[in-house]
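Trainee: Got a file for you: entry21.pdb, PDB, C-alpha atoms.
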```pdb
ATOM      1  CA  MET M   1     126.337  99.388 122.594  1.00  0.00           C
ATOM      2  CA  SER M   2     129.628  97.474 122.925  1.00  0.00           C
ATOM      3  CA  ALA M   3     132.828  98.646 121.257  1.00  0.00           C
ATOM      4  CA  VAL M   4     132.667  95.666 118.885  1.00  0.00           C
ATOM      5  CA  ALA M   5     129.053  96.397 117.910  1.00  0.00           C
ATOM      6  CA  GLY M   6     129.882 100.071 117.407  1.00  0.00           C
ATOM      7  CA  LEU M   7     132.805  99.203 115.142  1.00  0.00           C
ATOM      8  CA  TRP M   8     130.645  96.758 113.168  1.00  0.00           C
ATOM      9  CA  ASN M   9     127.987  99.429 112.650  1.00  0.00           C
ATOM     10  CA  ARG M  10     130.598 101.873 111.357  1.00  0.00           C
ATOM     11  CA  VAL M  11     131.887  99.254 108.908  1.00  0.00           C
ATOM     12  CA  LEU M  12     128.347  98.542 107.690  1.00  0.00           C
ATOM     13  CA  ASN M  13     127.703 102.251 107.220  1.00  0.00           C
ATOM     14  CA  LEU M  14     130.797 102.496 105.046  1.00  0.00           C
ATOM     15  CA  VAL M  15     129.806  99.507 102.905  1.00  0.00           C
ATOM     16  CA  TYR M  16     126.075 100.285 102.892  1.00  0.00           C
ATOM     17  CA  PRO M  17     125.645 104.021 103.553  1.00  0.00           C
ATOM     18  CA  PRO M  18     122.327 104.671 105.349  1.00  0.00           C
ATOM     19  CA  ARG M  19     119.516 106.121 103.262  1.00  0.00           C
ATOM     20  CA  CYS M  20     116.278 107.868 104.102  1.00  0.00           C
ATOM     21  CA  VAL M  21     113.495 105.269 104.232  1.00  0.00           C
ATOM     22  CA  PHE M  22     111.225 107.656 102.337  1.00  0.00           C
ATOM     23  CA  CYS M  23     113.181 109.375  99.543  1.00  0.00           C
ATOM     24  CA  GLN M  24     116.231 107.031  99.643  1.00  0.00           C
ATOM     25  CA  ASP M  25     118.739 109.898  99.710  1.00  0.00           C
ATOM     26  CA  PHE M  26     121.954 109.230 101.612  1.00  0.00           C
ATOM     27  CA  LEU M  27     121.854 110.350 105.240  1.00  0.00           C
ATOM     28  CA  PRO M  28     124.559 112.428 106.928  1.00  0.00           C
ATOM     29  CA  GLY M  29     125.963 111.169 110.233  1.00  0.00           C
ATOM     30  CA  GLU M  30     123.563 112.951 112.538  1.00  0.00           C
ATOM     31  CA  ARG M  31     120.569 111.681 110.546  1.00  0.00           C
ATOM     32  CA  ALA M  32     121.714 108.086 110.056  1.00  0.00           C
ATOM     33  CA  THR M  33     120.251 106.850 113.325  1.00  0.00           C
ATOM     34  CA  LEU M  34     116.896 108.532 112.609  1.00  0.00           C
ATOM     35  CA  GLY M  35     116.478 106.967 109.178  1.00  0.00           C
ATOM     36  CA  VAL M  36     114.755 110.078 107.811  1.00  0.00           C
ATOM     37  CA  CYS M  37     116.357 113.010 106.011  1.00  0.00           C
ATOM     38  CA  ALA M  38     115.618 116.566 107.120  1.00  0.00           C
ATOM     39  CA  ALA M  39     113.690 117.340 103.918  1.00  0.00           C
ATOM     40  CA  CYS M  40     111.314 114.404 104.352  1.00  0.00           C
ATOM     41  CA  ASP M  41     110.987 115.005 108.076  1.00  0.00           C
ATOM     42  CA  SER M  42     109.587 118.457 107.388  1.00  0.00           C
ATOM     43  CA  ALA M  43     107.518 117.629 104.298  1.00  0.00           C
ATOM     44  CA  LEU M  44     105.952 114.203 104.916  1.00  0.00           C
ATOM     45  CA  PRO M  45     102.158 114.092 104.439  1.00  0.00           C
ATOM     46  CA  ARG M  46     101.165 113.802 108.081  1.00  0.00           C
ATOM     47  CA  THR M  47      97.750 113.684 109.643  1.00  0.00           C
ATOM     48  CA  ASP M  48      96.990 116.524 112.021  1.00  0.00           C
ATOM     49  CA  GLY M  49      94.924 116.480 115.204  1.00  0.00           C
ATOM     50  CA  ALA M  50      91.513 114.926 114.667  1.00  0.00           C
ATOM     51  CA  THR M  51      92.428 113.987 111.076  1.00  0.00           C
ATOM     52  CA  ALA M  52      94.555 111.182 112.559  1.00  0.00           C
ATOM     53  CA  LEU M  53      91.347 109.412 113.656  1.00  0.00           C
ATOM     54  CA  ARG M  54      89.004 107.583 111.327  1.00  0.00           C
ATOM     55  CA  PRO M  55      85.840 105.823 112.573  1.00  0.00           C
ATOM     56  CA  GLY M  56      85.023 102.386 111.280  1.00  0.00           C
ATOM     57  CA  ASP M  57      82.774  99.368 111.358  1.00  0.00           C
ATOM     58  CA  TYR M  58      83.322  97.160 114.434  1.00  0.00           C
ATOM     59  CA  PHE M  59      86.344  99.180 115.582  1.00  0.00           C
ATOM     60  CA  ALA M  60      86.007 102.404 117.567  1.00  0.00           C
ATOM     61  CA  PHE M  61      88.460 104.314 115.401  1.00  0.00           C
ATOM     62  CA  CYS M  62      91.715 103.905 113.494  1.00  0.00           C
ATOM     63  CA  LEU M  63      94.766 106.075 114.147  1.00  0.00           C
ATOM     64  CA  SER M  64      97.266 106.842 111.382  1.00  0.00           C
ATOM     65  CA  PRO M  65     100.210 109.264 111.627  1.00  0.00           C
ATOM     66  CA  LEU M  66     100.777 109.527 107.857  1.00  0.00           C
ATOM     67  CA  LEU M  67      98.830 109.750 104.605  1.00  0.00           C
ATOM     68  CA  TYR M  68      99.411 107.048 102.008  1.00  0.00           C
ATOM     69  CA  GLN M  69     100.727 109.188  99.187  1.00  0.00           C
ATOM     70  CA  GLY M  70     103.984 110.226  97.530  1.00  0.00           C
ATOM     71  CA  VAL M  71     107.165 109.067  99.250  1.00  0.00           C
ATOM     72  CA  VAL M  72     105.161 107.449 102.067  1.00  0.00           C
ATOM     73  CA  ARG M  73     103.381 105.175  99.612  1.00  0.00           C
ATOM     74  CA  GLU M  74     106.614 104.220  97.850  1.00  0.00           C
ATOM     75  CA  SER M  75     108.370 103.592 101.163  1.00  0.00           C
ATOM     76  CA  ILE M  76     105.623 101.280 102.434  1.00  0.00           C
ATOM     77  CA  ARG M  77     105.622  99.378  99.158  1.00  0.00           C
ATOM     78  CA  ARG M  78     109.378  98.785  99.501  1.00  0.00           C
ATOM     79  CA  TYR M  79     108.811  97.721 103.105  1.00  0.00           C
ATOM     80  CA  LYS M  80     106.219  95.154 102.076  1.00  0.00           C
ATOM     81  CA  PHE M  81     107.308  93.965  98.665  1.00  0.00           C
ATOM     82  CA  SER M  82     111.072  94.608  98.407  1.00  0.00           C
ATOM     83  CA  GLY M  83     112.380  93.067 101.604  1.00  0.00           C
ATOM     84  CA  ARG M  84     112.981  96.303 103.533  1.00  0.00           C
ATOM     85  CA  SER M  85     111.790  94.795 106.798  1.00  0.00           C
ATOM     86  CA  TYR M  86     114.177  96.993 108.789  1.00  0.00           C
ATOM     87  CA  TYR M  87     112.084 100.061 107.918  1.00  0.00           C
ATOM     88  CA  HIS M  88     109.835  99.155 110.847  1.00  0.00           C
ATOM     89  CA  ARG M  89     112.324 100.662 113.291  1.00  0.00           C
ATOM     90  CA  VAL M  90     111.958 104.076 111.651  1.00  0.00           C
ATOM     91  CA  TYR M  91     108.195 103.747 111.272  1.00  0.00           C
ATOM     92  CA  GLY M  92     107.923 102.978 114.978  1.00  0.00           C
ATOM     93  CA  VAL M  93     108.757 106.580 115.891  1.00  0.00           C
ATOM     94  CA  PHE M  94     105.725 107.824 113.941  1.00  0.00           C
ATOM     95  CA  LEU M  95     103.446 105.142 115.383  1.00  0.00           C
ATOM     96  CA  ARG M  96     104.406 105.802 118.989  1.00  0.00           C
ATOM     97  CA  SER M  97     104.099 109.562 118.569  1.00  0.00           C
ATOM     98  CA  CYS M  98     100.563 109.148 117.217  1.00  0.00           C
ATOM     99  CA  LEU M  99      99.584 106.793 120.030  1.00  0.00           C
ATOM    100  CA  LYS M 100     101.069 109.065 122.677  1.00  0.00           C
ATOM    101  CA  GLU M 101      98.885 111.917 121.433  1.00  0.00           C
ATOM    102  CA  HIS M 102      95.646 110.033 120.862  1.00  0.00           C
ATOM    103  CA  LEU M 103      95.771 106.871 122.996  1.00  0.00           C
ATOM    104  CA  PRO M 104      97.747 107.641 126.164  1.00  0.00           C
ATOM    105  CA  SER M 105      95.836 105.039 128.176  1.00  0.00           C
ATOM    106  CA  PRO M 106      97.347 101.625 127.384  1.00  0.00           C
ATOM    107  CA  PRO M 107      95.214  98.893 125.828  1.00  0.00           C
ATOM    108  CA  ASP M 108      95.009  95.500 127.467  1.00  0.00           C
ATOM    109  CA  VAL M 109      96.468  93.720 124.441  1.00  0.00           C
ATOM    110  CA  VAL M 110      98.347  94.660 121.277  1.00  0.00           C
ATOM    111  CA  THR M 111      97.866  92.431 118.224  1.00  0.00           C
ATOM    112  CA  TRP M 112      97.960  92.647 114.423  1.00  0.00           C
ATOM    113  CA  ALA M 113      96.106  91.680 111.249  1.00  0.00           C
ATOM    114  CA  PRO M 114      98.083  88.595 110.166  1.00  0.00           C
ATOM    115  CA  LEU M 115      99.204  87.480 106.732  1.00  0.00           C
ATOM    116  CA  SER M 116      98.249  84.109 105.323  1.00  0.00           C
ATOM    117  CA  ALA M 117     100.857  81.390 105.894  1.00  0.00           C
ATOM    118  CA  ARG M 118     101.619  81.322 102.162  1.00  0.00           C
ATOM    119  CA  ARG M 119     102.239  85.065 101.892  1.00  0.00           C
ATOM    120  CA  LYS M 120     104.288  85.192 105.078  1.00  0.00           C
ATOM    121  CA  HIS M 121     106.463  82.327 103.842  1.00  0.00           C
ATOM    122  CA  ARG M 122     107.011  84.052 100.520  1.00  0.00           C
ATOM    123  CA  ARG M 123     107.732  87.465 102.091  1.00  0.00           C
ATOM    124  CA  GLY M 124     109.781  86.124 104.968  1.00  0.00           C
ATOM    125  CA  TYR M 125     108.149  88.329 107.600  1.00  0.00           C
ATOM    126  CA  ASP M 126     104.789  89.753 108.608  1.00  0.00           C
ATOM    127  CA  GLN M 127     105.014  93.514 108.199  1.00  0.00           C
ATOM    128  CA  ALA M 128     102.046  94.219 110.486  1.00  0.00           C
ATOM    129  CA  LYS M 129     103.560  92.156 113.305  1.00  0.00           C
ATOM    130  CA  LEU M 130     106.769  94.202 113.140  1.00  0.00           C
ATOM    131  CA  LEU M 131     104.731  97.405 113.366  1.00  0.00           C
ATOM    132  CA  ALA M 132     102.793  95.983 116.322  1.00  0.00           C
ATOM    133  CA  GLU M 133     106.085  95.312 118.094  1.00  0.00           C
ATOM    134  CA  GLU M 134     107.077  98.939 117.587  1.00  0.00           C
ATOM    135  CA  ALA M 135     103.721 100.254 118.785  1.00  0.00           C
ATOM    136  CA  GLY M 136     103.692  98.045 121.874  1.00  0.00           C
ATOM    137  CA  GLN M 137     106.968  99.541 123.091  1.00  0.00           C
ATOM    138  CA  LEU M 138     105.112 102.697 124.137  1.00  0.00           C
ATOM    139  CA  TYR M 139     103.113 100.722 126.716  1.00  0.00           C
ATOM    140  CA  GLY M 140     105.665  98.040 127.554  1.00  0.00           C
ATOM    141  CA  LEU M 141     103.468  95.429 125.856  1.00  0.00           C
ATOM    142  CA  ARG M 142     104.607  92.674 123.541  1.00  0.00           C
ATOM    143  CA  PRO M 143     102.098  91.901 120.775  1.00  0.00           C
ATOM    144  CA  VAL M 144     100.069  88.747 121.180  1.00  0.00           C
ATOM    145  CA  PRO M 145      98.837  86.663 118.221  1.00  0.00           C
ATOM    146  CA  LEU M 146      95.045  86.580 118.517  1.00  0.00           C
ATOM    147  CA  LEU M 147      93.982  85.957 114.920  1.00  0.00           C
ATOM    148  CA  LYS M 148      94.814  83.493 112.194  1.00  0.00           C
ATOM    149  CA  LYS M 149      94.193  83.977 108.496  1.00  0.00           C
ATOM    150  CA  VAL M 150      92.798  80.631 107.436  1.00  0.00           C
ATOM    151  CA  ARG M 151      92.585  81.188 103.704  1.00  0.00           C
ATOM    152  CA  HIS M 152      94.962  82.796 101.226  1.00  0.00           C
ATOM    153  CA  THR M 153      93.209  85.585  99.321  1.00  0.00           C
ATOM    154  CA  PRO M 154      94.023  87.843  96.363  1.00  0.00           C
ATOM    155  CA  ALA M 155      95.748  91.090  97.270  1.00  0.00           C
ATOM    156  CA  GLN M 156      93.277  93.797  98.284  1.00  0.00           C
ATOM    157  CA  SER M 157      94.993  96.241  95.900  1.00  0.00           C
ATOM    158  CA  SER M 158      93.454  94.484  92.903  1.00  0.00           C
ATOM    159  CA  LEU M 159      89.872  94.920  94.121  1.00  0.00           C
ATOM    160  CA  GLY M 160      87.162  97.548  94.471  1.00  0.00           C
ATOM    161  CA  ARG M 161      85.413  98.358  97.739  1.00  0.00           C
ATOM    162  CA  ALA M 162      82.650  95.750  97.558  1.00  0.00           C
ATOM    163  CA  ALA M 163      85.062  93.086  96.357  1.00  0.00           C
ATOM    164  CA  ARG M 164      87.473  93.909  99.187  1.00  0.00           C
ATOM    165  CA  GLU M 165      84.754  93.288 101.744  1.00  0.00           C
ATOM    166  CA  GLU M 166      83.853  89.977 100.147  1.00  0.00           C
ATOM    167  CA  ASN M 167      87.537  89.053  99.799  1.00  0.00           C
ATOM    168  CA  VAL M 168      88.181  89.145 103.563  1.00  0.00           C
ATOM    169  CA  ARG M 169      84.835  87.870 104.811  1.00  0.00           C
ATOM    170  CA  GLY M 170      85.361  84.746 106.903  1.00  0.00           C
ATOM    171  CA  VAL M 171      89.109  84.485 106.314  1.00  0.00           C
ATOM    172  CA  TYR M 172      90.127  85.338 109.892  1.00  0.00           C
ATOM    173  CA  ARG M 173      89.564  83.106 112.908  1.00  0.00           C
ATOM    174  CA  ILE M 174      90.265  83.633 116.583  1.00  0.00           C
ATOM    175  CA  ARG M 175      93.205  81.486 117.685  1.00  0.00           C
ATOM    176  CA  PRO M 176      92.276  78.635 120.067  1.00  0.00           C
ATOM    177  CA  ASP M 177      94.637  79.931 122.759  1.00  0.00           C
ATOM    178  CA  ALA M 178      93.551  83.593 122.460  1.00  0.00           C
ATOM    179  CA  SER M 179      92.236  85.358 125.554  1.00  0.00           C
ATOM    180  CA  VAL M 180      90.174  88.418 124.592  1.00  0.00           C
ATOM    181  CA  SER M 181      87.099  88.443 126.823  1.00  0.00           C
ATOM    182  CA  GLY M 182      86.414  91.927 128.186  1.00  0.00           C
ATOM    183  CA  LYS M 183      89.666  93.316 126.829  1.00  0.00           C
ATOM    184  CA  ARG M 184      90.446  96.547 125.013  1.00  0.00           C
ATOM    185  CA  ILE M 185      92.582  95.611 122.035  1.00  0.00           C
ATOM    186  CA  LEU M 186      94.944  97.644 119.860  1.00  0.00           C
ATOM    187  CA  LEU M 187      94.878  96.098 116.369  1.00  0.00           C
ATOM    188  CA  VAL M 188      97.778  97.075 114.080  1.00  0.00           C
ATOM    189  CA  ASP M 189      98.157  96.973 110.300  1.00  0.00           C
ATOM    190  CA  ASP M 190     100.232  98.879 107.739  1.00  0.00           C
ATOM    191  CA  VAL M 191      97.663 100.837 105.671  1.00  0.00           C
ATOM    192  CA  ILE M 192      93.943 101.480 105.932  1.00  0.00           C
ATOM    193  CA  THR M 193      92.086 102.074 102.674  1.00  0.00           C
ATOM    194  CA  THR M 194      88.441 100.992 102.804  1.00  0.00           C
ATOM    195  CA  GLY M 195      88.889  99.488 106.258  1.00  0.00           C
ATOM    196  CA  SER M 196      87.645  96.069 105.144  1.00  0.00           C
ATOM    197  CA  THR M 197      90.523  94.088 106.629  1.00  0.00           C
ATOM    198  CA  LEU M 198      90.459  95.861 109.990  1.00  0.00           C
ATOM    199  CA  SER M 199      86.665  95.672 110.170  1.00  0.00           C
ATOM    200  CA  GLU M 200      86.652  91.925 109.586  1.00  0.00           C
ATOM    201  CA  CYS M 201      89.415  91.339 112.138  1.00  0.00           C
ATOM    202  CA  SER M 202      87.577  93.539 114.639  1.00  0.00           C
ATOM    203  CA  ARG M 203      84.294  91.698 114.055  1.00  0.00           C
ATOM    204  CA  VAL M 204      85.958  88.384 114.859  1.00  0.00           C
ATOM    205  CA  LEU M 205      87.561  89.781 118.020  1.00  0.00           C
ATOM    206  CA  LEU M 206      84.287  91.318 119.234  1.00  0.00           C
ATOM    207  CA  ASN M 207      82.408  88.096 118.575  1.00  0.00           C
ATOM    208  CA  ALA M 208      85.003  86.332 120.733  1.00  0.00           C
ATOM    209  CA  GLY M 209      84.190  88.673 123.617  1.00  0.00           C
ATOM    210  CA  ALA M 210      86.543  91.633 123.261  1.00  0.00           C
ATOM    211  CA  ALA M 211      85.224  94.861 124.816  1.00  0.00           C
ATOM    212  CA  GLU M 212      86.605  97.371 122.300  1.00  0.00           C
ATOM    213  CA  ILE M 213      88.908  97.474 119.297  1.00  0.00           C
ATOM    214  CA  VAL M 214      91.086 100.464 118.474  1.00  0.00           C
ATOM    215  CA  CYS M 215      93.145 100.244 115.289  1.00  0.00           C
ATOM    216  CA  LEU M 216      96.496 101.693 114.305  1.00  0.00           C
ATOM    217  CA  THR M 217      98.075 101.878 110.861  1.00  0.00           C
ATOM    218  CA  LEU M 218     101.176 103.655 109.659  1.00  0.00           C
ATOM    219  CA  ALA M 219      99.250 105.389 106.883  1.00  0.00           C
ATOM    220  CA  ARG M 220      95.722 106.170 105.709  1.00  0.00           C
ATOM    221  CA  ALA M 221      94.712 106.167 102.071  1.00  0.00           C
ATOM    222  CA  THR M 222      93.117 109.353 100.803  1.00  0.00           C
ATOM    223  CA  GLY M 223      91.440 108.462  97.511  1.00  0.00           C
ATOM    224  CA  ASN M 224      90.330 105.757  95.105  1.00  0.00           C
ATOM    225  CA  ARG M 225      93.786 105.365  93.602  1.00  0.00           C
ATOM    226  CA  ASP M 226      95.337 104.514  96.951  1.00  0.00           C
ATOM    227  CA  THR M 227      95.558 100.813  97.575  1.00  0.00           C
ATOM    228  CA  GLU M 228      96.413  98.357 100.303  1.00  0.00           C
ATOM    229  CA  ALA M 229      97.628  94.818  99.807  1.00  0.00           C
ATOM    230  CA  LYS M 230      98.309  92.186 102.415  1.00  0.00           C
TER     231      LYS M 230
END
```
Output the file's structure in the form of structure tokens.

Mentor:
Amino acid sequence: MSAVAGLWNRVLNLVYPPRCVFCQDFLPGERATLGVCAACDSALPRTDGATALRPGDYFAFCLSPLLYQGVVRESIRRYKFSGRSYYHRVYGVFLRSCLKEHLPSPPDVVTWAPLSARRKHRRGYDQAKLLAEEAGQLYGLRPVPLLKKVRHTPAQSSLGRAAREENVRGVYRIRPDASVSGKRILLVDDVITTGSTLSECSRVLLNAGAAEIVCLTLARATGNRDTEAK
């Protein structure tokens, strides 16, 4: 980091003191670069061992380092709906740690479950793409856009399981320039609840010739009250 950049960061920290991305408490100097306070770091609802893996339809399994509850749920909601796009840099540490433990062999391609054009325009960024960028750093891979969401749909959070499956059926298409034949693909999203979104994306990729789909999300829902929304 240059002297100018270092000075600018110190000024920003004075004007906008860094906060924990989970509980939003102010962070002391040694914690500012981590983005997580000591209390949250020790008490976050993490998955453990085999509990980090969830099997699914069309994808081999989905990895998730965290459970979608408490401060994790509130943090992800701020990330998606309150413009906290910079949270992805903190989340990346959890994603890469989970991958390093459970998927040490690199995939051929890293991609993500995309937003509709309307929702991306309104939000200003695609939260799953940012997470895919973080995950790909572990393998030295830049994420590649393979899918396109061709129809805007209601948020998954407003729907039950059967309705979620119907809501995403046929809304994803393989991109004309995508190359997936015979490839092992890491598909990234923010939260897995019923798995409907990831299953539909995986089905499209497999139908286009992909060899295997492994999914990665920051968090996994644990009950009926947990929701995901694109």

Trainee: Here is a test: counting all atoms listed in the file, which residue of M:Thr47, M:Ser105, M:Ser116, M:Gln127 is nearest to Val214 (chain M)?

Mentor: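 Ranking M:Thr47, M:Ser105, M:Ser116, M:Gln127 by distance to Val214 (chain M), first place goes to M:Ser105.
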
Trainee: Name the residues in contact with Ser202 (chain M) at a cut-off of 9 Å, using only C-alpha atoms, excluding same-chain residues fewer than 5 positions from it; report them as number ranges by chain.

Mentor: M: 57-59, 187, 197, 207, 210, 212-215

Trainee: Those same residues - C-alpha atoms - I'd like them written as a JSON list (two decimals), keeping the file's coordinate frame.

Mentor:
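Once everything was written out, this is again_37.json:
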```
[["chain", "number", "residue", "atom", "x", "y", "z"],
["M", 57, "ASP", "CA", 82.77, 99.37, 111.36],
["M", 58, "TYR", "CA", 83.32, 97.16, 114.43],
["M", 59, "PHE", "CA", 86.34, 99.18, 115.58],
["M", 187, "LEU", "CA", 94.88, 96.10, 116.37],
["M", 197, "THR", "CA", 90.52, 94.09, 106.63],
["M", 207, "ASN", "CA", 82.41, 88.10, 118.58],
["M", 210, "ALA", "CA", 86.54, 91.63, 123.26],
["M", 212, "GLU", "CA", 86.60, 97.37, 122.30],
["M", 213, "ILE", "CA", 88.91, 97.47, 119.30],
["M", 214, "VAL", "CA", 91.09, 100.46, 118.47],
["M", 215, "CYS", "CA", 93.14, 100.24, 115.29]]
```

Trainee: Given the file shown, enumerate the residues that the PyMOL selection byres ((chain M and resi 71-76) around 10) captures and present them as JSON, numbers by chain.

Mentor: {"M": [20, 21, 22, 23, 24, 40, 43, 44, 45, 46, 66, 67, 68, 69, 70, 77, 78, 79, 80, 81, 82, 84, 85, 87, 88, 91, 127, 190, 191, 218, 219, 220, 221, 226, 227, 228]}

Trainee: Assuming the chain letters and numbering stay as they are in my file, what does the PyMOL selection byres ((chain M and resi 179-181) around 10) actually select? List them as a PyMOL selection string.

Mentor: chain M and resi 108-109+144-146+174-178+182-185+205-212

Trainee: Store the residues of this selection in a file with C-alpha atoms, as a PDB file, in the frame of the given file.

Mentor:
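Okay, selection-v2.pdb is ready:
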```pdb
ATOM      1  CA  ASP M 108      95.009  95.500 127.467  1.00  0.00           C
ATOM      2  CA  VAL M 109      96.468  93.720 124.441  1.00  0.00           C
ATOM      3  CA  VAL M 144     100.069  88.747 121.180  1.00  0.00           C
ATOM      4  CA  PRO M 145      98.837  86.663 118.221  1.00  0.00           C
ATOM      5  CA  LEU M 146      95.045  86.580 118.517  1.00  0.00           C
ATOM      6  CA  ILE M 174      90.265  83.633 116.583  1.00  0.00           C
ATOM      7  CA  ARG M 175      93.205  81.486 117.685  1.00  0.00           C
ATOM      8  CA  PRO M 176      92.276  78.635 120.067  1.00  0.00           C
ATOM      9  CA  ASP M 177      94.637  79.931 122.759  1.00  0.00           C
ATOM     10  CA  ALA M 178      93.551  83.593 122.460  1.00  0.00           C
ATOM     11  CA  GLY M 182      86.414  91.927 128.186  1.00  0.00           C
ATOM     12  CA  LYS M 183      89.666  93.316 126.829  1.00  0.00           C
ATOM     13  CA  ARG M 184      90.446  96.547 125.013  1.00  0.00           C
ATOM     14  CA  ILE M 185      92.582  95.611 122.035  1.00  0.00           C
ATOM     15  CA  LEU M 205      87.561  89.781 118.020  1.00  0.00           C
ATOM     16  CA  LEU M 206      84.287  91.318 119.234  1.00  0.00           C
ATOM     17  CA  ASN M 207      82.408  88.096 118.575  1.00  0.00           C
ATOM     18  CA  ALA M 208      85.003  86.332 120.733  1.00  0.00           C
ATOM     19  CA  GLY M 209      84.190  88.673 123.617  1.00  0.00           C
ATOM     20  CA  ALA M 210      86.543  91.633 123.261  1.00  0.00           C
ATOM     21  CA  ALA M 211      85.224  94.861 124.816  1.00  0.00           C
ATOM     22  CA  GLU M 212      86.605  97.371 122.300  1.00  0.00           C
TER      23      GLU M 212
END
```

Trainee: What residues come out when you apply the PyMOL selection byres ((chain M and resi 31) around 12) to this file, written as an MDAnalysis selection string?

Mentor: chainID M and resid 17:21 25:30 32:41 90

Trainee: Could you jot down the CA of Ser199 (chain M) to CA of Leu63 (chain M) separation for me, Å, one decimal place?

Mentor: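 So the two atoms, CA of Ser199 (chain M) and CA of Leu63 (chain M), lie 13.8 Å apart.
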
Trainee: Record the distance separating CA of Tyr139 (chain M) and CA of Pro106 (chain M), expressed in Å with one decimal.

Mentor: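 Interatomic distance, CA of Tyr139 (chain M) to CA of Pro106 (chain M): 5.9 Å.
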
Trainee: Which of these, M:Ala60, M:Ala50, M:Val171, M:Val150, has the shortest distance to His102 (chain M) once you count all atoms listed in the file?

Mentor: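 With all atoms listed in the file as the atom set, the closest residue is M:Ala50.
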
Trainee: Pick from M:Arg89, M:Arg119, M:Lys129, M:Arg142: nearest to Pro107 (chain M), with all atoms listed in the file counted?

Mentor: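 The shortest atom-to-atom distance to Pro107 (chain M) comes from M:Arg142.
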
Trainee: So how many Å separate CA of Glu133 (chain M) and CA of Ser64 (chain M), to one decimal?

Mentor: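 Going from CA of Glu133 (chain M) over to CA of Ser64 (chain M), I get 16.0 Å.
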
Trainee: Show me, as JSON, the centre and edge lengths in Å to one decimal of the axis-aligned box that covers every listed atom of region 197-205 of chain M with 6 Å on each side.

Mentor:
```
{"center_x": 87.4, "center_y": 92.1, "center_z": 112.3, "size_x": 18.2, "size_y": 19.5, "size_z": 23.4}
```

Trainee: Write out as a list in words each polymer residue whose atoms come within 7 Å of Tyr172 (chain M), counting only C-alpha atoms; drop sequence neighbours fewer than 3 positions from it.

Mentor: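 After dropping sequence-adjacent residues, the list is Leu147, Lys148, Lys149, Val150 and Cys201 of chain M.
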
Trainee: For Leu186 (chain M), which residue out of M:Gly49, M:Gly170, M:Gly136, M:Pro114 is the nearest one, using all atoms listed in the file?

Mentor: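 Nearest candidate to Leu186 (chain M) out of M:Gly49, M:Gly170, M:Gly136, M:Pro114: M:Gly136.
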